[in-house]
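Participant: As input, take entry_8.txt (compact mmCIF, N, CA and C atoms):
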```
# COMPACT_ATOMS: atom_id res chain seq x y z
N MET A 19 90.60 87.64 118.23
CA MET A 19 91.48 86.58 118.73
C MET A 19 92.22 85.95 117.57
N SER A 20 93.48 85.70 117.75
CA SER A 20 94.28 85.13 116.66
C SER A 20 94.46 83.64 116.88
N THR A 21 94.71 82.95 115.78
CA THR A 21 94.98 81.52 115.84
C THR A 21 96.43 81.30 115.49
N LYS A 22 96.91 80.10 115.73
CA LYS A 22 98.30 79.79 115.37
C LYS A 22 98.52 79.96 113.88
N HIS A 23 97.53 79.53 113.07
CA HIS A 23 97.67 79.64 111.61
C HIS A 23 97.79 81.11 111.21
N THR A 24 96.93 81.96 111.77
CA THR A 24 96.96 83.38 111.44
C THR A 24 98.27 84.00 111.87
N ASP A 25 98.75 83.65 113.07
CA ASP A 25 100.04 84.17 113.55
C ASP A 25 101.16 83.75 112.60
N HIS A 26 101.17 82.47 112.23
CA HIS A 26 102.20 81.94 111.35
C HIS A 26 102.17 82.64 109.99
N LEU A 27 100.99 82.81 109.44
CA LEU A 27 100.83 83.47 108.16
C LEU A 27 101.32 84.91 108.22
N GLY A 28 100.93 85.63 109.24
CA GLY A 28 101.36 87.01 109.40
C GLY A 28 102.86 87.14 109.54
N GLU A 29 103.45 86.24 110.32
CA GLU A 29 104.90 86.24 110.49
C GLU A 29 105.61 85.99 109.17
N LYS A 30 105.06 85.04 108.39
CA LYS A 30 105.68 84.69 107.12
C LYS A 30 105.58 85.87 106.13
N ILE A 31 104.43 86.52 106.08
CA ILE A 31 104.25 87.68 105.20
C ILE A 31 105.23 88.78 105.60
N LYS A 32 105.33 89.05 106.88
CA LYS A 32 106.23 90.10 107.35
C LYS A 32 107.69 89.77 107.02
N ARG A 33 108.07 88.51 107.23
CA ARG A 33 109.45 88.10 106.95
C ARG A 33 109.77 88.26 105.47
N LEU A 34 108.87 87.80 104.61
CA LEU A 34 109.08 87.93 103.17
C LEU A 34 109.16 89.39 102.75
N ARG A 35 108.29 90.20 103.29
CA ARG A 35 108.28 91.63 102.97
C ARG A 35 109.60 92.27 103.39
N GLU A 36 110.05 91.96 104.59
CA GLU A 36 111.29 92.55 105.08
C GLU A 36 112.51 92.04 104.33
N GLU A 37 112.50 90.75 103.93
CA GLU A 37 113.60 90.22 103.13
C GLU A 37 113.76 90.99 101.82
N ARG A 38 112.65 91.50 101.31
CA ARG A 38 112.67 92.24 100.06
C ARG A 38 112.92 93.74 100.28
N GLY A 39 113.06 94.13 101.55
CA GLY A 39 113.26 95.55 101.85
C GLY A 39 112.05 96.38 101.46
N MET A 40 110.88 95.78 101.55
CA MET A 40 109.66 96.41 101.10
C MET A 40 108.88 97.00 102.29
N PRO A 41 108.70 98.31 102.30
CA PRO A 41 107.87 98.89 103.36
C PRO A 41 106.42 98.41 103.25
N LEU A 42 105.70 98.45 104.34
CA LEU A 42 104.31 98.04 104.36
C LEU A 42 103.49 98.82 103.33
N SER A 43 103.80 100.10 103.18
CA SER A 43 103.06 100.93 102.23
C SER A 43 103.25 100.45 100.79
N LYS A 44 104.44 99.95 100.46
CA LYS A 44 104.69 99.46 99.10
C LYS A 44 103.94 98.15 98.87
N LEU A 45 103.92 97.27 99.87
CA LEU A 45 103.16 96.03 99.75
C LEU A 45 101.68 96.35 99.59
N ALA A 46 101.21 97.34 100.32
CA ALA A 46 99.80 97.75 100.21
C ALA A 46 99.49 98.24 98.79
N ARG A 47 100.36 99.04 98.26
CA ARG A 47 100.17 99.59 96.91
C ARG A 47 100.19 98.47 95.87
N ARG A 48 101.15 97.57 95.98
CA ARG A 48 101.27 96.47 95.01
C ARG A 48 100.12 95.47 95.09
N SER A 49 99.65 95.21 96.30
CA SER A 49 98.63 94.18 96.49
C SER A 49 97.21 94.71 96.42
N GLY A 50 97.05 96.02 96.64
CA GLY A 50 95.70 96.58 96.69
C GLY A 50 95.02 96.32 98.02
N VAL A 51 95.79 95.87 99.02
CA VAL A 51 95.28 95.62 100.36
C VAL A 51 95.74 96.79 101.23
N SER A 52 94.83 97.33 102.04
CA SER A 52 95.18 98.52 102.81
C SER A 52 96.34 98.25 103.77
N ARG A 53 97.10 99.31 104.02
CA ARG A 53 98.25 99.23 104.92
C ARG A 53 97.82 98.78 106.31
N GLY A 54 96.72 99.33 106.79
CA GLY A 54 96.22 98.99 108.12
C GLY A 54 95.83 97.52 108.22
N TYR A 55 95.18 97.01 107.18
CA TYR A 55 94.77 95.60 107.18
C TYR A 55 96.00 94.70 107.11
N LEU A 56 96.98 95.07 106.30
CA LEU A 56 98.22 94.29 106.23
C LEU A 56 98.90 94.24 107.60
N HIS A 57 98.88 95.37 108.30
CA HIS A 57 99.49 95.44 109.63
C HIS A 57 98.80 94.45 110.58
N LEU A 58 97.47 94.41 110.52
CA LEU A 58 96.72 93.48 111.36
C LEU A 58 97.04 92.02 111.01
N ILE A 59 97.17 91.74 109.72
CA ILE A 59 97.52 90.38 109.28
C ILE A 59 98.90 90.00 109.81
N GLU A 60 99.86 90.91 109.66
CA GLU A 60 101.23 90.62 110.11
C GLU A 60 101.29 90.40 111.62
N LYS A 61 100.45 91.09 112.36
CA LYS A 61 100.41 90.92 113.82
C LYS A 61 99.62 89.69 114.25
N GLY A 62 98.97 89.02 113.28
CA GLY A 62 98.18 87.84 113.61
C GLY A 62 96.82 88.17 114.16
N GLU A 63 96.37 89.41 113.95
CA GLU A 63 95.08 89.84 114.49
C GLU A 63 93.95 89.76 113.47
N SER A 64 94.28 89.40 112.24
CA SER A 64 93.26 89.24 111.22
C SER A 64 93.74 88.19 110.22
N SER A 65 92.78 87.57 109.57
CA SER A 65 93.10 86.55 108.57
C SER A 65 92.53 87.00 107.23
N PRO A 66 93.37 87.05 106.19
CA PRO A 66 92.89 87.56 104.91
C PRO A 66 92.01 86.56 104.18
N THR A 67 91.13 87.09 103.33
CA THR A 67 90.35 86.24 102.45
C THR A 67 91.30 85.61 101.44
N GLU A 68 90.81 84.59 100.74
CA GLU A 68 91.65 83.94 99.73
C GLU A 68 92.05 84.94 98.64
N GLU A 69 91.13 85.83 98.29
CA GLU A 69 91.41 86.83 97.26
C GLU A 69 92.52 87.78 97.70
N LYS A 70 92.44 88.25 98.94
CA LYS A 70 93.47 89.16 99.45
C LYS A 70 94.80 88.43 99.62
N LEU A 71 94.73 87.18 100.05
CA LEU A 71 95.95 86.38 100.20
C LEU A 71 96.64 86.20 98.85
N ALA A 72 95.85 85.96 97.81
CA ALA A 72 96.41 85.82 96.45
C ALA A 72 97.07 87.12 96.01
N ALA A 73 96.46 88.25 96.32
CA ALA A 73 97.03 89.55 95.95
C ALA A 73 98.32 89.82 96.71
N ILE A 74 98.36 89.46 97.99
CA ILE A 74 99.57 89.65 98.80
C ILE A 74 100.69 88.75 98.28
N ALA A 75 100.36 87.49 98.00
CA ALA A 75 101.36 86.55 97.49
C ALA A 75 101.94 87.07 96.17
N ALA A 76 101.07 87.53 95.27
CA ALA A 76 101.54 88.04 93.98
C ALA A 76 102.44 89.26 94.17
N ALA A 77 102.07 90.13 95.08
CA ALA A 77 102.87 91.33 95.34
C ALA A 77 104.24 90.98 95.91
N LEU A 78 104.31 89.88 96.65
CA LEU A 78 105.58 89.43 97.23
C LEU A 78 106.36 88.53 96.27
N GLY A 79 105.72 88.12 95.17
CA GLY A 79 106.40 87.26 94.20
C GLY A 79 106.48 85.81 94.63
N VAL A 80 105.48 85.36 95.40
CA VAL A 80 105.44 83.98 95.85
C VAL A 80 104.08 83.38 95.54
N LEU A 81 103.95 82.08 95.70
CA LEU A 81 102.68 81.40 95.56
C LEU A 81 101.93 81.43 96.89
N ILE A 82 100.61 81.30 96.83
CA ILE A 82 99.83 81.24 98.06
C ILE A 82 100.34 80.09 98.93
N SER A 83 100.67 78.98 98.30
CA SER A 83 101.15 77.82 99.06
C SER A 83 102.44 78.13 99.81
N ASP A 84 103.23 79.08 99.28
CA ASP A 84 104.44 79.49 99.99
C ASP A 84 104.10 80.21 101.29
N LEU A 85 102.96 80.87 101.31
CA LEU A 85 102.54 81.60 102.51
C LEU A 85 101.86 80.69 103.53
N VAL A 86 101.04 79.77 103.06
CA VAL A 86 100.27 78.96 103.99
C VAL A 86 100.89 77.60 104.27
N GLY A 87 101.82 77.17 103.40
CA GLY A 87 102.46 75.87 103.58
C GLY A 87 103.56 75.93 104.62
N GLU A 88 103.97 74.78 105.04
CA GLU A 88 105.07 74.68 106.00
C GLU A 88 106.40 74.91 105.29
N LEU A 89 107.33 75.47 105.99
CA LEU A 89 108.67 75.65 105.44
C LEU A 89 109.39 74.32 105.37
N LYS A 90 110.12 74.10 104.31
CA LYS A 90 110.92 72.89 104.20
C LYS A 90 112.15 73.03 105.07
N ASP A 91 112.64 71.90 105.55
CA ASP A 91 113.86 71.93 106.36
C ASP A 91 115.04 72.47 105.56
N ASP A 92 115.15 72.04 104.32
CA ASP A 92 116.24 72.47 103.47
C ASP A 92 115.68 73.12 102.21
N PRO A 93 115.65 74.46 102.15
CA PRO A 93 115.06 75.12 101.00
C PRO A 93 115.85 74.89 99.72
N PHE A 94 117.07 74.35 99.80
CA PHE A 94 117.89 74.13 98.63
C PHE A 94 117.86 72.67 98.15
N SER A 95 116.97 71.85 98.69
CA SER A 95 117.00 70.42 98.38
C SER A 95 116.66 70.07 96.93
N ASP A 96 115.75 70.78 96.29
CA ASP A 96 115.35 70.43 94.93
C ASP A 96 115.71 71.51 93.91
N ILE A 97 116.79 72.19 94.16
CA ILE A 97 117.20 73.32 93.33
C ILE A 97 118.44 72.94 92.53
N PRO A 98 118.49 73.34 91.25
CA PRO A 98 119.68 73.03 90.43
C PRO A 98 120.96 73.60 91.05
N ASP A 99 122.06 72.90 90.84
CA ASP A 99 123.34 73.33 91.41
C ASP A 99 123.73 74.75 90.99
N SER A 100 123.45 75.11 89.73
CA SER A 100 123.81 76.44 89.26
C SER A 100 123.02 77.52 90.01
N LEU A 101 121.75 77.25 90.32
CA LEU A 101 120.95 78.20 91.09
C LEU A 101 121.43 78.25 92.54
N LYS A 102 121.76 77.09 93.10
CA LYS A 102 122.30 77.06 94.46
C LYS A 102 123.55 77.92 94.56
N GLU A 103 124.43 77.74 93.59
CA GLU A 103 125.70 78.49 93.58
C GLU A 103 125.43 79.99 93.50
N PHE A 104 124.54 80.38 92.58
CA PHE A 104 124.20 81.79 92.43
C PHE A 104 123.57 82.34 93.72
N ALA A 105 122.62 81.59 94.28
CA ALA A 105 121.92 82.03 95.48
C ALA A 105 122.87 82.19 96.66
N LYS A 106 123.78 81.27 96.82
CA LYS A 106 124.72 81.35 97.94
C LYS A 106 125.71 82.49 97.74
N ALA A 107 126.15 82.69 96.51
CA ALA A 107 127.10 83.78 96.24
C ALA A 107 126.47 85.15 96.48
N ARG A 108 125.20 85.27 96.16
CA ARG A 108 124.49 86.55 96.32
C ARG A 108 123.75 86.65 97.64
N ASN A 109 123.78 85.56 98.44
CA ASN A 109 123.07 85.52 99.72
C ASN A 109 121.59 85.85 99.53
N LEU A 110 120.96 85.21 98.55
CA LEU A 110 119.55 85.48 98.25
C LEU A 110 118.65 84.92 99.34
N PRO A 111 117.56 85.61 99.63
CA PRO A 111 116.59 85.05 100.57
C PRO A 111 115.95 83.80 99.96
N SER A 112 115.56 82.87 100.80
CA SER A 112 115.00 81.61 100.31
C SER A 112 113.76 81.83 99.45
N SER A 113 113.01 82.88 99.73
CA SER A 113 111.81 83.15 98.92
C SER A 113 112.20 83.53 97.49
N ASP A 114 113.30 84.26 97.31
CA ASP A 114 113.75 84.60 95.96
C ASP A 114 114.26 83.36 95.23
N VAL A 115 114.94 82.49 95.97
CA VAL A 115 115.44 81.26 95.37
C VAL A 115 114.26 80.39 94.92
N ALA A 116 113.25 80.28 95.78
CA ALA A 116 112.07 79.49 95.42
C ALA A 116 111.38 80.06 94.19
N MET A 117 111.28 81.38 94.12
CA MET A 117 110.67 82.03 92.97
C MET A 117 111.45 81.73 91.71
N LEU A 118 112.77 81.88 91.75
CA LEU A 118 113.60 81.60 90.59
C LEU A 118 113.48 80.13 90.18
N ASN A 119 113.40 79.25 91.15
CA ASN A 119 113.34 77.82 90.87
C ASN A 119 112.07 77.42 90.12
N ARG A 120 111.03 78.24 90.18
CA ARG A 120 109.78 77.93 89.50
C ARG A 120 109.73 78.49 88.08
N ILE A 121 110.73 79.22 87.66
CA ILE A 121 110.69 79.91 86.37
C ILE A 121 111.30 79.07 85.25
N SER A 122 110.59 79.09 84.13
CA SER A 122 111.16 78.56 82.89
C SER A 122 110.65 79.47 81.78
N TYR A 123 111.41 79.59 80.73
CA TYR A 123 111.04 80.43 79.60
C TYR A 123 111.07 79.57 78.35
N ARG A 124 109.92 79.48 77.70
CA ARG A 124 109.79 78.63 76.53
C ARG A 124 110.24 77.20 76.82
N GLY A 125 109.87 76.76 78.00
CA GLY A 125 110.18 75.38 78.38
C GLY A 125 111.59 75.14 78.86
N LYS A 126 112.40 76.18 78.91
CA LYS A 126 113.80 76.02 79.33
C LYS A 126 114.04 76.80 80.62
N ARG A 127 114.97 76.28 81.38
CA ARG A 127 115.39 76.94 82.62
C ARG A 127 116.85 77.33 82.48
N PRO A 128 117.25 78.38 83.17
CA PRO A 128 118.68 78.72 83.14
C PRO A 128 119.51 77.53 83.62
N THR A 129 120.70 77.41 83.07
CA THR A 129 121.57 76.29 83.45
C THR A 129 122.91 76.72 84.01
N THR A 130 123.21 78.02 83.92
CA THR A 130 124.50 78.51 84.44
C THR A 130 124.26 79.62 85.46
N VAL A 131 125.26 79.87 86.26
CA VAL A 131 125.19 80.96 87.24
C VAL A 131 124.94 82.29 86.52
N ALA A 132 125.61 82.50 85.41
CA ALA A 132 125.45 83.75 84.65
C ALA A 132 124.01 83.93 84.16
N GLU A 133 123.38 82.85 83.71
CA GLU A 133 121.99 82.95 83.25
C GLU A 133 121.05 83.27 84.41
N TRP A 134 121.27 82.66 85.57
CA TRP A 134 120.45 82.97 86.74
C TRP A 134 120.64 84.43 87.13
N GLN A 135 121.87 84.92 87.04
CA GLN A 135 122.17 86.30 87.41
C GLN A 135 121.41 87.27 86.50
N VAL A 136 121.40 87.02 85.20
CA VAL A 136 120.69 87.89 84.27
C VAL A 136 119.19 87.86 84.57
N LEU A 137 118.64 86.67 84.75
CA LEU A 137 117.21 86.54 85.03
C LEU A 137 116.84 87.29 86.31
N TYR A 138 117.62 87.10 87.34
CA TYR A 138 117.35 87.76 88.63
C TYR A 138 117.43 89.28 88.49
N ALA A 139 118.43 89.76 87.76
CA ALA A 139 118.58 91.20 87.57
C ALA A 139 117.38 91.79 86.83
N VAL A 140 116.88 91.10 85.83
CA VAL A 140 115.73 91.58 85.08
C VAL A 140 114.49 91.64 85.98
N ILE A 141 114.27 90.59 86.76
CA ILE A 141 113.11 90.56 87.66
C ILE A 141 113.20 91.66 88.70
N LYS A 142 114.36 91.79 89.32
CA LYS A 142 114.54 92.84 90.34
C LYS A 142 114.32 94.22 89.74
N ASP A 143 114.84 94.46 88.55
CA ASP A 143 114.68 95.74 87.90
C ASP A 143 113.20 96.05 87.66
N MET A 144 112.46 95.06 87.19
CA MET A 144 111.03 95.25 86.95
C MET A 144 110.28 95.55 88.25
N LEU A 145 110.57 94.82 89.30
CA LEU A 145 109.88 95.03 90.56
C LEU A 145 110.27 96.32 91.25
N ASP A 146 111.51 96.73 91.09
CA ASP A 146 111.97 97.95 91.73
C ASP A 146 111.42 99.22 91.07
N LYS A 147 110.86 99.07 89.88
CA LYS A 147 110.29 100.23 89.19
C LYS A 147 108.93 100.62 89.79
N ASP A 148 108.33 99.73 90.57
CA ASP A 148 107.03 100.04 91.20
C ASP A 148 107.15 101.12 92.24
```
Output the structure of this file as C-alpha cells.
Facilitator:
Amino acid sequence: MSTKHTDHLGEKIKRLREERGMPLSKLARRSGVSRGYLHLIEKGESSPTEEKLAAIAAALGVLISDLVGELKDDPFSDIPDSLKEFAKARNLPSSDVAMLNRISYRGKRPTTVAEWQVLYAVIKDMLDKD
C-alpha cells in the first residue's frame, strides 16, 4: 500500500529523471539501486531507505531535501539575476537551476551569464560521460 508521501516522492524522482533525459537503467547504474526497485519507488509502491534515497538524490544531482521537501511556489525567488537569465535563456529545469544555485568554488559564485554557462557545460559534460 502506498502513502501520499511515497507517491509524491516517486513522482518527484520520476520527474527529475525525465527532465534530465535519464532512462531508469542509467539512474539505476548511477545510484546503485536496482531498476526494478526504482520503478516501484516511482510508482509509489515502495519507499526507499535513507541510504538509497541519498544515492538516488546524488545520482540525480539534487539534495535529499529536494526530493522530500515541498516545492516552492517560485523556484527563482532566491536565485541571482545572472543565473535566472541563463536559466530562462536555456530553458533549464528547475532542478538544474537549484543545483547551480548551490554551487560556489573557492567561496565564489559565478556572477555573469557566461560564467554560469561554462559551469553548466562542465557539469553536463561530466555527467554525460557516465
Participant: Separation of atom CA of A:Val80 and atom CA of A:Ser113, in Å?
Facilitator: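 One can read the atom CA of A:Val80 to atom CA of A:Ser113 distance as 7.1 Å.
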Participant: What is the distance between atom C of A:Val51 and atom N of A:Lys70, in Å to one decimal?
Facilitator: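 Those two atoms sit 9.4 Å apart.
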Participant: Can you work out which one of A:Ser65, A:Ser100, A:Ser83, A:Ser49 has the shortest atom-to-atom distance to A:Thr129, counting only N, CA and C atoms?
Facilitator: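 Nearest to A:Thr129: A:Ser100.
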Participant: Which residues in stretch 78-128 of chain A does DSSP call alpha helix (DSSP H)? List them as a compact mmCIF listing (two decimals) with N, CA and C atoms, in the coordinates of the input.
Facilitator:
```
# COMPACT_ATOMS: atom_id res chain seq x y z
N LEU A 78 104.31 89.88 96.65
CA LEU A 78 105.58 89.43 97.23
C LEU A 78 106.36 88.53 96.27
N ILE A 82 100.61 81.30 96.83
CA ILE A 82 99.83 81.24 98.06
C ILE A 82 100.34 80.09 98.93
N SER A 83 100.67 78.98 98.30
CA SER A 83 101.15 77.82 99.06
C SER A 83 102.44 78.13 99.81
N ASP A 84 103.23 79.08 99.28
CA ASP A 84 104.44 79.49 99.99
C ASP A 84 104.10 80.21 101.29
N LEU A 85 102.96 80.87 101.31
CA LEU A 85 102.54 81.60 102.51
C LEU A 85 101.86 80.69 103.53
N VAL A 86 101.04 79.77 103.06
CA VAL A 86 100.27 78.96 103.99
C VAL A 86 100.89 77.60 104.27
N ASP A 99 122.06 72.90 90.84
CA ASP A 99 123.34 73.33 91.41
C ASP A 99 123.73 74.75 90.99
N SER A 100 123.45 75.11 89.73
CA SER A 100 123.81 76.44 89.26
C SER A 100 123.02 77.52 90.01
N LEU A 101 121.75 77.25 90.32
CA LEU A 101 120.95 78.20 91.09
C LEU A 101 121.43 78.25 92.54
N LYS A 102 121.76 77.09 93.10
CA LYS A 102 122.30 77.06 94.46
C LYS A 102 123.55 77.92 94.56
N GLU A 103 124.43 77.74 93.59
CA GLU A 103 125.70 78.49 93.58
C GLU A 103 125.43 79.99 93.50
N PHE A 104 124.54 80.38 92.58
CA PHE A 104 124.20 81.79 92.43
C PHE A 104 123.57 82.34 93.72
N ALA A 105 122.62 81.59 94.28
CA ALA A 105 121.92 82.03 95.48
C ALA A 105 122.87 82.19 96.66
N LYS A 106 123.78 81.27 96.82
CA LYS A 106 124.72 81.35 97.94
C LYS A 106 125.71 82.49 97.74
N ALA A 107 126.15 82.69 96.51
CA ALA A 107 127.10 83.78 96.24
C ALA A 107 126.47 85.15 96.48
N ARG A 108 125.20 85.27 96.16
CA ARG A 108 124.49 86.55 96.32
C ARG A 108 123.75 86.65 97.64
N SER A 112 115.56 82.87 100.80
CA SER A 112 115.00 81.61 100.31
C SER A 112 113.76 81.83 99.45
N SER A 113 113.01 82.88 99.73
CA SER A 113 111.81 83.15 98.92
C SER A 113 112.20 83.53 97.49
N ASP A 114 113.30 84.26 97.31
CA ASP A 114 113.75 84.60 95.96
C ASP A 114 114.26 83.36 95.23
N VAL A 115 114.94 82.49 95.97
CA VAL A 115 115.44 81.26 95.37
C VAL A 115 114.26 80.39 94.92
N ALA A 116 113.25 80.28 95.78
CA ALA A 116 112.07 79.49 95.42
C ALA A 116 111.38 80.06 94.19
N MET A 117 111.28 81.38 94.12
CA MET A 117 110.67 82.03 92.97
C MET A 117 111.45 81.73 91.71
N LEU A 118 112.77 81.88 91.75
CA LEU A 118 113.60 81.60 90.59
C LEU A 118 113.48 80.13 90.18
N ASN A 119 113.40 79.25 91.15
CA ASN A 119 113.34 77.82 90.87
C ASN A 119 112.07 77.42 90.12
```
Participant: Could you check which of A:Glu60, A:Glu37, A:Glu133, A:Asp96 is closest to A:Ile74, using only C-alpha atoms?
Facilitator: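 Among the listed residues, A:Glu60 lies closest to A:Ile74.
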Participant: Find the residues around A:Leu110 up to 12 Å (only C-alpha atoms counted), leave out those fewer than 5 positions away in its own chain, and share them as number ranges by chain.
Facilitator: A: 34, 37-38, 93-94, 101-105, 115-118, 134-135, 138, 142
Participant: Let me see the file: selected residues, N, CA and C atoms, as a compact mmCIF listing (two decimals), in the frame of the given file.
Facilitator:
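And here's result.txt as it stands now:
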```txt
# COMPACT_ATOMS: atom_id res chain seq x y z
N LEU A 34 108.87 87.80 104.61
CA LEU A 34 109.08 87.93 103.17
C LEU A 34 109.16 89.39 102.75
N GLU A 37 112.50 90.75 103.93
CA GLU A 37 113.60 90.22 103.13
C GLU A 37 113.76 90.99 101.82
N ARG A 38 112.65 91.50 101.31
CA ARG A 38 112.67 92.24 100.06
C ARG A 38 112.92 93.74 100.28
N PRO A 93 115.65 74.46 102.15
CA PRO A 93 115.06 75.12 101.00
C PRO A 93 115.85 74.89 99.72
N PHE A 94 117.07 74.35 99.80
CA PHE A 94 117.89 74.13 98.63
C PHE A 94 117.86 72.67 98.15
N LEU A 101 121.75 77.25 90.32
CA LEU A 101 120.95 78.20 91.09
C LEU A 101 121.43 78.25 92.54
N LYS A 102 121.76 77.09 93.10
CA LYS A 102 122.30 77.06 94.46
C LYS A 102 123.55 77.92 94.56
N GLU A 103 124.43 77.74 93.59
CA GLU A 103 125.70 78.49 93.58
C GLU A 103 125.43 79.99 93.50
N PHE A 104 124.54 80.38 92.58
CA PHE A 104 124.20 81.79 92.43
C PHE A 104 123.57 82.34 93.72
N ALA A 105 122.62 81.59 94.28
CA ALA A 105 121.92 82.03 95.48
C ALA A 105 122.87 82.19 96.66
N VAL A 115 114.94 82.49 95.97
CA VAL A 115 115.44 81.26 95.37
C VAL A 115 114.26 80.39 94.92
N ALA A 116 113.25 80.28 95.78
CA ALA A 116 112.07 79.49 95.42
C ALA A 116 111.38 80.06 94.19
N MET A 117 111.28 81.38 94.12
CA MET A 117 110.67 82.03 92.97
C MET A 117 111.45 81.73 91.71
N LEU A 118 112.77 81.88 91.75
CA LEU A 118 113.60 81.60 90.59
C LEU A 118 113.48 80.13 90.18
N TRP A 134 121.27 82.66 85.57
CA TRP A 134 120.45 82.97 86.74
C TRP A 134 120.64 84.43 87.13
N GLN A 135 121.87 84.92 87.04
CA GLN A 135 122.17 86.30 87.41
C GLN A 135 121.41 87.27 86.50
N TYR A 138 117.62 87.10 87.34
CA TYR A 138 117.35 87.76 88.63
C TYR A 138 117.43 89.28 88.49
N LYS A 142 114.36 91.79 89.32
CA LYS A 142 114.54 92.84 90.34
C LYS A 142 114.32 94.22 89.74
```
Participant: What does the distance between atom C of A:Arg108 and atom C of A:Lys32 come to in Å, to one decimal place?
Facilitator: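 Separating atom C of A:Arg108 from atom C of A:Lys32 is a distance of 18.9 Å.
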Participant: Counting only N, CA and C atoms, which of A:Ile97, A:Ala73, A:Asp146, A:Ile141 gets nearest to A:Arg48?
Facilitator: A:Ala73
Participant: Between A:Ser112, A:Gly28, A:Arg120, A:Val136, which residue has the minimum interatomic distance to A:Leu58, considering all atoms listed in the file?
Facilitator: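 Of all the options, A:Gly28 lies closest to A:Leu58.
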Participant: For A:Arg47, which residue out of A:Thr130, A:Gly125, A:Ala139, A:Ala76 is the nearest one, using only C-alpha atoms?
Facilitator: A:Ala76
